[in-house]
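Raw protein13.cif, mmCIF, C-alpha atoms and all ligand atoms:
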```cif
data_entry
#
loop_
_atom_site.label_atom_id
_atom_site.label_comp_id
_atom_site.auth_asym_id
_atom_site.auth_seq_id
_atom_site.Cartn_x
_atom_site.Cartn_y
_atom_site.Cartn_z
CA MET A 114 144.07 164.48 -150.35
CA THR A 115 143.94 163.73 -146.61
CA ARG A 116 147.20 162.45 -145.14
CA TYR A 117 147.00 159.41 -142.92
CA GLN A 118 149.40 157.89 -140.39
CA THR A 119 148.55 154.27 -141.07
CA LEU A 120 147.29 154.28 -144.66
CA ALA A 121 149.06 155.04 -147.93
CA VAL A 122 146.49 156.52 -150.29
CA SER A 123 147.14 157.28 -153.97
CA ARG A 124 145.03 158.03 -156.99
CA ASP A 125 145.25 156.75 -160.55
CA GLY A 126 142.50 158.72 -162.34
CA PRO A 127 139.17 157.32 -161.15
CA VAL A 128 140.85 154.54 -159.13
CA LEU A 129 141.73 155.18 -155.49
CA HIS A 130 144.33 152.84 -153.95
CA ILE A 131 144.13 152.51 -150.17
CA ARG A 132 147.04 150.52 -148.73
CA LEU A 133 147.28 149.50 -145.11
CA ASP A 134 150.66 150.85 -144.07
CA ARG A 135 151.93 149.23 -140.88
CA PRO A 136 154.20 146.64 -142.53
CA GLU A 137 156.30 146.24 -139.36
CA VAL A 138 153.30 144.53 -137.69
CA ARG A 139 152.02 142.92 -140.93
CA ASN A 140 149.32 145.62 -141.19
CA ALA A 141 147.62 144.62 -137.95
CA PHE A 142 144.97 147.26 -137.24
CA ASN A 143 144.89 149.37 -134.08
CA GLY A 144 142.59 152.24 -133.07
CA THR A 145 144.24 154.64 -135.52
CA VAL A 146 143.73 152.28 -138.48
CA VAL A 147 140.12 151.74 -137.41
CA GLU A 148 139.53 155.50 -137.36
CA GLU A 149 141.48 156.24 -140.55
CA LEU A 150 139.91 153.50 -142.66
CA GLN A 151 136.44 154.76 -141.74
CA LEU A 152 137.48 158.30 -142.59
CA ALA A 153 138.99 157.20 -145.92
CA PHE A 154 135.85 155.30 -146.93
CA ARG A 155 133.61 158.19 -145.85
CA GLU A 156 135.66 160.43 -148.15
CA VAL A 157 135.28 157.94 -151.00
CA ASP A 158 131.49 158.10 -150.55
CA ARG A 159 131.52 161.89 -150.91
CA ASP A 160 134.10 162.16 -153.66
CA THR A 161 132.75 162.19 -157.22
CA THR A 162 136.11 161.52 -158.91
CA THR A 163 136.59 158.03 -157.43
CA HIS A 164 134.81 155.23 -159.31
CA VAL A 165 136.71 152.21 -157.96
CA VAL A 166 138.65 151.55 -154.73
CA VAL A 167 141.45 149.00 -154.37
CA LEU A 168 142.24 147.95 -150.79
CA ALA A 169 145.69 146.36 -150.34
CA GLY A 170 148.50 146.04 -147.82
CA ASN A 171 152.09 147.32 -147.93
CA GLY A 172 154.91 144.90 -147.10
CA LYS A 173 154.84 141.13 -146.64
CA SER A 174 151.16 140.72 -145.76
CA PHE A 175 147.73 142.09 -146.53
CA SER A 176 146.77 142.14 -142.84
CA ALA A 177 147.43 140.10 -139.68
CA GLY A 178 144.05 141.24 -138.28
CA ALA A 179 143.52 143.17 -135.08
CA ASP A 180 146.66 144.46 -133.38
CA LEU A 181 146.88 142.17 -130.38
CA ALA A 182 148.73 144.72 -128.22
CA TRP A 183 145.85 147.15 -128.89
CA MET A 184 143.28 144.40 -128.18
CA GLN A 185 145.01 143.77 -124.85
CA GLN A 186 144.87 147.49 -123.97
CA GLN A 187 141.21 147.66 -124.97
CA SER A 188 140.31 144.70 -122.77
CA ALA A 189 141.68 146.54 -119.73
CA LEU A 190 139.40 149.57 -120.27
CA PRO A 191 136.13 150.11 -118.36
CA PRO A 192 133.38 147.96 -120.01
CA GLU A 193 131.64 150.89 -121.80
CA GLN A 194 134.90 152.08 -123.38
CA ASN A 195 135.93 148.53 -124.23
CA GLU A 196 132.59 148.11 -126.02
CA LEU A 197 132.87 151.45 -127.83
CA GLY A 198 136.28 150.43 -129.22
CA ALA A 199 134.82 147.14 -130.45
CA GLU A 200 131.90 148.96 -132.05
CA ALA A 201 134.30 151.28 -133.89
CA MET A 202 136.01 148.16 -135.26
CA ALA A 203 132.64 146.75 -136.41
CA ARG A 204 131.85 150.09 -138.09
CA MET A 205 135.18 150.02 -139.93
CA PHE A 206 134.13 146.77 -141.68
CA LEU A 207 130.68 148.21 -142.35
CA SER A 208 132.14 151.36 -143.93
CA ILE A 209 133.95 149.14 -146.45
CA ALA A 210 131.00 146.85 -147.15
CA ARG A 211 128.60 149.80 -147.51
CA CYS A 212 130.96 152.00 -149.55
CA ARG A 213 129.02 153.56 -152.44
CA LYS A 214 131.84 152.69 -154.86
CA PRO A 215 132.94 149.15 -155.74
CA VAL A 216 135.81 147.94 -153.55
CA ILE A 217 138.37 145.41 -154.82
CA GLY A 218 140.63 143.59 -152.35
CA ARG A 219 144.21 142.84 -153.46
CA VAL A 220 145.32 140.21 -151.00
CA HIS A 221 148.80 138.71 -150.58
CA GLY A 222 150.91 137.13 -147.86
CA HIS A 223 148.56 136.73 -144.90
CA ALA A 224 144.97 137.71 -144.19
CA LEU A 225 144.36 136.40 -140.70
CA GLY A 226 141.56 137.05 -138.20
CA GLY A 227 140.27 140.54 -138.95
CA GLY A 228 142.43 140.40 -142.12
CA THR A 229 140.11 137.66 -143.38
CA GLY A 230 137.28 139.95 -142.17
CA LEU A 231 138.57 142.77 -144.39
CA VAL A 232 138.61 140.35 -147.34
CA ALA A 233 135.00 139.42 -146.58
CA SER A 234 133.90 143.07 -146.45
CA VAL A 235 135.08 144.06 -149.93
CA ASP A 236 132.94 143.48 -153.01
CA MET A 237 135.45 141.27 -154.81
CA ALA A 238 138.77 139.98 -153.58
CA PHE A 239 141.70 138.58 -155.55
CA CYS A 240 144.58 136.81 -153.83
CA THR A 241 147.72 134.80 -154.50
CA GLU A 242 147.29 131.03 -154.32
CA ASP A 243 149.80 130.80 -151.47
CA CYS A 244 148.18 133.56 -149.42
CA VAL A 245 147.33 132.35 -145.89
CA PHE A 246 143.85 132.94 -144.48
CA GLY A 247 142.25 131.90 -141.21
CA LEU A 248 139.60 132.78 -138.67
CA THR A 249 142.30 132.21 -136.06
CA GLU A 250 140.63 134.03 -133.16
CA VAL A 251 139.88 130.87 -131.16
CA LYS A 252 143.62 130.17 -131.05
CA LEU A 253 143.84 133.34 -128.95
CA GLY A 254 140.84 132.52 -126.79
CA ILE A 255 138.58 135.00 -128.61
CA VAL A 256 136.00 134.77 -131.45
CA PRO A 257 135.57 136.42 -134.88
CA ALA A 258 132.63 138.42 -133.54
CA VAL A 259 132.45 141.76 -135.35
CA ILE A 260 133.56 140.23 -138.65
CA SER A 261 131.06 137.37 -138.46
CA PRO A 262 128.24 139.04 -140.46
CA PHE A 263 130.62 139.82 -143.33
CA VAL A 264 132.29 136.40 -143.33
CA LEU A 265 128.98 134.52 -142.98
CA GLN A 266 127.57 136.40 -145.95
CA LYS A 267 130.53 135.32 -148.12
CA ILE A 268 131.09 131.70 -147.02
CA GLY A 269 127.82 130.68 -145.31
CA ALA A 270 127.17 129.30 -141.84
CA GLY A 271 128.05 125.71 -142.79
CA ARG A 272 131.67 126.47 -143.69
CA ALA A 273 131.93 128.96 -140.83
CA ARG A 274 131.09 126.16 -138.39
CA THR A 275 134.35 124.47 -139.28
CA LEU A 276 136.54 127.52 -139.81
CA PHE A 277 135.39 129.59 -136.78
CA LEU A 278 135.63 126.59 -134.46
CA THR A 279 138.97 125.14 -135.56
CA GLY A 280 140.75 128.41 -136.36
CA GLU A 281 142.63 126.43 -139.03
CA ARG A 282 144.66 128.27 -141.65
CA PHE A 283 143.94 127.74 -145.35
CA ASP A 284 145.42 128.93 -148.61
CA GLY A 285 144.21 131.10 -151.47
CA ARG A 286 142.97 128.16 -153.55
CA GLU A 287 140.72 127.09 -150.68
CA ALA A 288 139.62 130.72 -150.18
CA GLN A 289 138.47 130.72 -153.82
CA ARG A 290 136.78 127.33 -153.45
CA ILE A 291 134.67 128.54 -150.51
CA GLY A 292 133.81 131.88 -152.10
CA LEU A 293 135.80 134.14 -149.80
CA VAL A 294 137.75 135.46 -152.79
CA HIS A 295 136.71 135.74 -156.41
CA ARG A 296 139.98 134.35 -157.81
CA ALA A 297 143.31 133.04 -156.54
CA LEU A 298 146.27 133.75 -158.83
CA ALA A 299 149.65 132.05 -159.26
CA GLY A 300 151.77 135.03 -158.13
CA GLU A 301 151.75 138.77 -157.51
CA SER A 302 152.10 139.75 -161.20
CA ALA A 303 149.09 137.60 -162.09
CA LEU A 304 147.31 139.08 -159.05
CA ASP A 305 147.94 142.64 -160.28
CA ALA A 306 146.78 141.70 -163.79
CA ALA A 307 143.52 140.25 -162.39
CA VAL A 308 142.92 143.37 -160.28
CA GLN A 309 143.55 145.55 -163.37
CA GLN A 310 141.08 143.50 -165.41
CA ALA A 311 138.43 143.93 -162.71
CA ILE A 312 139.11 147.70 -162.63
CA GLU A 313 138.62 147.89 -166.40
CA GLU A 314 135.36 145.93 -166.21
CA LEU A 315 134.08 148.30 -163.53
CA LEU A 316 135.15 151.44 -165.40
CA SER A 317 133.39 150.32 -168.59
CA SER A 318 130.10 149.97 -166.65
CA GLY A 319 127.78 152.86 -165.78
CA PRO A 320 129.02 154.24 -162.42
CA LYS A 321 125.49 154.81 -161.08
CA ALA A 322 124.45 151.35 -162.29
CA VAL A 323 127.39 149.77 -160.44
CA ALA A 324 126.41 151.57 -157.21
CA SER A 325 122.78 150.55 -157.76
CA ALA A 326 123.78 146.91 -158.38
CA LYS A 327 125.55 146.88 -155.01
CA GLU A 328 122.47 148.27 -153.27
CA LEU A 329 120.22 145.83 -155.16
CA ILE A 330 122.08 142.83 -153.73
CA ARG A 331 121.74 144.22 -150.22
CA ASN A 332 118.02 144.84 -150.64
CA VAL A 333 117.05 141.62 -152.38
CA ALA A 334 119.29 139.06 -150.66
CA GLY A 335 116.84 138.41 -147.81
CA LEU A 336 113.60 138.42 -149.86
CA SER A 337 111.61 135.49 -151.21
CA MET A 338 110.98 135.44 -154.99
CA GLU A 339 107.40 136.59 -154.36
CA GLU A 340 108.44 139.40 -152.02
CA ALA A 341 111.02 140.56 -154.57
CA ILE A 342 108.53 141.10 -157.45
CA THR A 343 107.38 144.62 -156.52
CA PRO A 344 110.68 146.12 -155.32
CA THR A 345 112.73 144.68 -158.21
CA SER A 346 110.17 145.78 -160.84
CA ARG A 347 110.23 149.29 -159.39
CA TRP A 348 114.00 149.17 -159.32
CA ILE A 349 114.44 148.50 -163.04
CA ALA A 350 111.55 150.79 -164.01
CA GLN A 351 113.19 153.72 -162.18
CA LEU A 352 116.70 152.91 -163.26
CA ARG A 353 116.04 152.51 -166.96
CA ALA A 354 114.59 156.04 -167.05
CA THR A 355 117.77 157.65 -165.65
CA PRO A 356 120.10 159.68 -167.93
CA GLU A 357 122.87 157.12 -167.42
CA ALA A 358 120.67 154.23 -168.58
CA GLN A 359 119.34 156.28 -171.49
CA GLU A 360 122.95 156.95 -172.54
CA GLY A 361 124.00 153.27 -172.14
CA ILE A 362 121.09 151.93 -174.16
CA ALA A 363 121.38 154.67 -176.85
CA ALA A 364 125.13 153.95 -177.14
CA PHE A 365 124.47 150.25 -177.73
CA LEU A 366 121.73 150.92 -180.29
CA GLY A 367 123.85 153.64 -181.96
CA LYS A 368 126.87 151.27 -182.13
CA ARG A 369 129.10 153.67 -180.17
CA LYS A 370 130.82 153.73 -176.78
CA ALA A 371 128.85 155.03 -173.80
CA GLY A 372 129.95 158.49 -172.67
CA TRP A 373 131.29 157.27 -169.31
CA ILE A 374 133.85 154.87 -170.86
CA PRO A 375 137.40 156.24 -170.52
CA SER A 376 138.94 156.90 -173.93
N1 LIG B 401 149.01 142.09 -133.69
C1 LIG B 401 150.13 142.69 -133.26
N2 LIG B 401 151.37 142.44 -133.74
C2 LIG B 401 151.46 141.56 -134.74
C3 LIG B 401 150.31 140.88 -135.24
C4 LIG B 401 149.06 141.18 -134.67
N3 LIG B 401 147.92 140.61 -135.12
N4 LIG B 401 150.72 140.04 -136.23
C5 LIG B 401 152.07 140.20 -136.31
N5 LIG B 401 152.50 141.10 -135.43
C6 LIG B 401 153.87 141.55 -135.19
C7 LIG B 401 154.73 140.47 -134.56
O1 LIG B 401 154.53 140.45 -133.16
C8 LIG B 401 156.12 140.89 -134.96
O2 LIG B 401 156.54 141.94 -134.13
P1 LIG B 401 158.10 142.03 -133.68
O3 LIG B 401 158.85 142.31 -134.95
O4 LIG B 401 158.10 143.19 -132.72
O5 LIG B 401 158.45 140.71 -133.08
C9 LIG B 401 155.90 141.49 -136.37
O6 LIG B 401 154.50 141.79 -136.45
C10 LIG B 401 156.20 140.52 -137.48
O7 LIG B 401 155.53 139.32 -137.22
P2 LIG B 401 156.23 137.88 -137.39
O8 LIG B 401 155.35 136.87 -136.74
O9 LIG B 401 157.65 137.95 -136.96
O10 LIG B 401 156.20 137.80 -139.00
P3 LIG B 401 156.01 136.55 -139.93
O11 LIG B 401 156.08 137.09 -141.33
O12 LIG B 401 156.92 135.44 -139.54
O13 LIG B 401 154.49 136.03 -139.65
C11 LIG B 401 152.11 136.28 -139.39
C12 LIG B 401 153.40 136.85 -140.00
C13 LIG B 401 151.00 137.26 -139.80
C14 LIG B 401 151.83 134.90 -139.97
C15 LIG B 401 152.23 136.16 -137.84
O14 LIG B 401 152.74 137.36 -137.35
C16 LIG B 401 150.94 135.87 -137.14
O15 LIG B 401 150.51 134.71 -137.10
N6 LIG B 401 150.28 136.91 -136.56
C17 LIG B 401 149.07 136.76 -135.78
C18 LIG B 401 147.88 136.71 -136.71
C19 LIG B 401 146.59 136.47 -135.95
O16 LIG B 401 146.40 135.48 -135.29
N7 LIG B 401 145.68 137.44 -136.08
C20 LIG B 401 144.40 137.38 -135.47
C21 LIG B 401 144.19 138.59 -134.66
S1 LIG B 401 142.55 138.60 -133.96
#
```
Entire entry expressed as structure tokens:
Amino acid sequence: MTRYQTLAVSRDGPVLHIRLDRPEVRNAFNGTVVEELQLAFREVDRDTTTHVVVLAGNGKSFSAGADLAWMQQQSALPPEQNELGAEAMARMFLSIARCRKPVIGRVHGHALGGGTGLVASVDMAFCTEDCVFGLTEVKLGIVPAVISPFVLQKIGAGRARTLFLTGERFDGREAQRIGLVHRALAGESALDAAVQQAIEELLSSGPKAVASAKELIRNVAGLSMEEAITPTSRWIAQLRATPEAQEGIAAFLGKRKAGWIPS
């Protein structure tokens, strides 16, 4: 397994845990984190043993967003280099959102600025009720630019118009109410139990079907019902003929567990 400077990566069978590991700065991400997270998610895409990824943070907080000392250094670079650094940051969020395996966010403490962006880029996030979120960039005279496509997709432009403009902080319950997280839990033990339950749901589903479901959402989200008829019909026609689907359907009809379910 690759060793990283800013990530703590461990495996539990088919589950890969990626923990941001700069607790002294509340897991703020600098250039190294940006590079290493992309590398880690590229490896997940290639690796056939990983079926689920859990993204979390070591220490008091999930992530305090972009490292502001690094942002300051970046702003002093020549414009092309400044832009390249920002693009790398955008690609880090994309590598999470586009990961071929389902990604669960385990969110505690704070998820501010780009930390809220990381929450928006995972497939399903769980947090503690007292976790603090916020698109706080305007408080620093900047904007949540590279994270905006991910956040807008989760919470919609209407809510973003308040949260991007005010930079106000909000808690986990509110994050659940607006759809940024799937569930907010009463404490960290309940949070871990909810993450575990999601892992078990994912592992009892066909791995190729889970990956296909993720791609389906991406492909269909922008289509009208009429436009969706042909591509979605093709989708199910092709998928139900695959060995995995044949096994899943035969297992149900034969009243047995599908072969991919861990014993
Ligand atoms: N970038 C760089 N350093 C950061 C950081 C960030 N985004 N967030 C926190 N840190 C550093 C602090 O400067 C401090 O460093 P120090 O120990 O050298 O003084 C250390 O992390 C701990 O932070 P502190 O504020 O003392 O911890 P806290 O637990 O009281 O509060 C936060 C944690 C996350 C609420 C608070 O640090 C904060 O509001 N951070 C800024 C978040 C933000 O606006 N992010 C948007 C970035 S675009």
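With all atoms listed in the file as the atoms that count, the minimum distance from ligand LIG 401 (chain B) to the choices A:Glu196, A:Asp284, A:Glu250, A:Asp158 is reached by A:Glu250.
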>> I'd like the contact shell of stretch 362-371 of chain A - 12 Å cut-off, all atoms listed in the file, skipping same-chain residues fewer than 3 positions apart - returned as a VMD selection string.
In response: chain A and resid 316 to 320 352 to 359 374 to 376
> Using only C-alpha atoms and all ligand atoms, which protein or nucleic acid residues are at most 12 Å from ligand LIG 401 (chain B), as a ChimeraX atom specification?
Replying inline: /A:135-143,172-186,202,221-231,244-260,277,280-283
Could you save the residues just selected, with C-alpha atoms, as a PDB file, in the frame of the given file?
```pdb
ATOM      1  CA  ARG A 135     151.930 149.230-140.880  1.00  0.00           C
ATOM      2  CA  PRO A 136     154.200 146.640-142.530  1.00  0.00           C
ATOM      3  CA  GLU A 137     156.300 146.240-139.360  1.00  0.00           C
ATOM      4  CA  VAL A 138     153.300 144.530-137.690  1.00  0.00           C
ATOM      5  CA  ARG A 139     152.020 142.920-140.930  1.00  0.00           C
ATOM      6  CA  ASN A 140     149.320 145.620-141.190  1.00  0.00           C
ATOM      7  CA  ALA A 141     147.620 144.620-137.950  1.00  0.00           C
ATOM      8  CA  PHE A 142     144.970 147.260-137.240  1.00  0.00           C
ATOM      9  CA  ASN A 143     144.890 149.370-134.080  1.00  0.00           C
ATOM     10  CA  GLY A 172     154.910 144.900-147.100  1.00  0.00           C
ATOM     11  CA  LYS A 173     154.840 141.130-146.640  1.00  0.00           C
ATOM     12  CA  SER A 174     151.160 140.720-145.760  1.00  0.00           C
ATOM     13  CA  PHE A 175     147.730 142.090-146.530  1.00  0.00           C
ATOM     14  CA  SER A 176     146.770 142.140-142.840  1.00  0.00           C
ATOM     15  CA  ALA A 177     147.430 140.100-139.680  1.00  0.00           C
ATOM     16  CA  GLY A 178     144.050 141.240-138.280  1.00  0.00           C
ATOM     17  CA  ALA A 179     143.520 143.170-135.080  1.00  0.00           C
ATOM     18  CA  ASP A 180     146.660 144.460-133.380  1.00  0.00           C
ATOM     19  CA  LEU A 181     146.880 142.170-130.380  1.00  0.00           C
ATOM     20  CA  ALA A 182     148.730 144.720-128.220  1.00  0.00           C
ATOM     21  CA  TRP A 183     145.850 147.150-128.890  1.00  0.00           C
ATOM     22  CA  MET A 184     143.280 144.400-128.180  1.00  0.00           C
ATOM     23  CA  GLN A 185     145.010 143.770-124.850  1.00  0.00           C
ATOM     24  CA  GLN A 186     144.870 147.490-123.970  1.00  0.00           C
ATOM     25  CA  MET A 202     136.010 148.160-135.260  1.00  0.00           C
ATOM     26  CA  HIS A 221     148.800 138.710-150.580  1.00  0.00           C
ATOM     27  CA  GLY A 222     150.910 137.130-147.860  1.00  0.00           C
ATOM     28  CA  HIS A 223     148.560 136.730-144.900  1.00  0.00           C
ATOM     29  CA  ALA A 224     144.970 137.710-144.190  1.00  0.00           C
ATOM     30  CA  LEU A 225     144.360 136.400-140.700  1.00  0.00           C
ATOM     31  CA  GLY A 226     141.560 137.050-138.200  1.00  0.00           C
ATOM     32  CA  GLY A 227     140.270 140.540-138.950  1.00  0.00           C
ATOM     33  CA  GLY A 228     142.430 140.400-142.120  1.00  0.00           C
ATOM     34  CA  THR A 229     140.110 137.660-143.380  1.00  0.00           C
ATOM     35  CA  GLY A 230     137.280 139.950-142.170  1.00  0.00           C
ATOM     36  CA  LEU A 231     138.570 142.770-144.390  1.00  0.00           C
ATOM     37  CA  CYS A 244     148.180 133.560-149.420  1.00  0.00           C
ATOM     38  CA  VAL A 245     147.330 132.350-145.890  1.00  0.00           C
ATOM     39  CA  PHE A 246     143.850 132.940-144.480  1.00  0.00           C
ATOM     40  CA  GLY A 247     142.250 131.900-141.210  1.00  0.00           C
ATOM     41  CA  LEU A 248     139.600 132.780-138.670  1.00  0.00           C
ATOM     42  CA  THR A 249     142.300 132.210-136.060  1.00  0.00           C
ATOM     43  CA  GLU A 250     140.630 134.030-133.160  1.00  0.00           C
ATOM     44  CA  VAL A 251     139.880 130.870-131.160  1.00  0.00           C
ATOM     45  CA  LYS A 252     143.620 130.170-131.050  1.00  0.00           C
ATOM     46  CA  LEU A 253     143.840 133.340-128.950  1.00  0.00           C
ATOM     47  CA  GLY A 254     140.840 132.520-126.790  1.00  0.00           C
ATOM     48  CA  ILE A 255     138.580 135.000-128.610  1.00  0.00           C
ATOM     49  CA  VAL A 256     136.000 134.770-131.450  1.00  0.00           C
ATOM     50  CA  PRO A 257     135.570 136.420-134.880  1.00  0.00           C
ATOM     51  CA  ALA A 258     132.630 138.420-133.540  1.00  0.00           C
ATOM     52  CA  VAL A 259     132.450 141.760-135.350  1.00  0.00           C
ATOM     53  CA  ILE A 260     133.560 140.230-138.650  1.00  0.00           C
ATOM     54  CA  PHE A 277     135.390 129.590-136.780  1.00  0.00           C
ATOM     55  CA  GLY A 280     140.750 128.410-136.360  1.00  0.00           C
ATOM     56  CA  GLU A 281     142.630 126.430-139.030  1.00  0.00           C
ATOM     57  CA  ARG A 282     144.660 128.270-141.650  1.00  0.00           C
ATOM     58  CA  PHE A 283     143.940 127.740-145.350  1.00  0.00           C
TER      59      PHE A 283
END
```
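Using all atoms listed in the file for every distance, the candidate list A:Val232, A:Met338, A:Val147, A:Leu168 yields A:Val147 as the residue closest to A:Ala199.
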>> When you look at stretch 300-314 of chain A with a cut-off of 9 Å (counting only C-alpha atoms), what residues show up, excluding the ones that are within fewer than 3 positions of it in the same chain? I need them as an MDAnalysis selection string.
In response: chainID A and resid 128 165:167 217:221 237:243 296:297 317:318
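Here atom CA of A:Ile209 is placed at a distance of 14.4 Å from atom CA of A:Thr163.
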> Can you list, as a PyMOL selection string, every protein, DNA or RNA residue that comes within 10 Å of A:Ser325 when you count all atoms listed in the file, leaving out same-chain residues fewer than 3 positions away?
Replying inline: chain A and resi 213-214+319-322+328-331+348+352
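Reported to one decimal place, the separation of atom CA of A:Ala169 from atom CA of A:Val157 is 15.6 Å.
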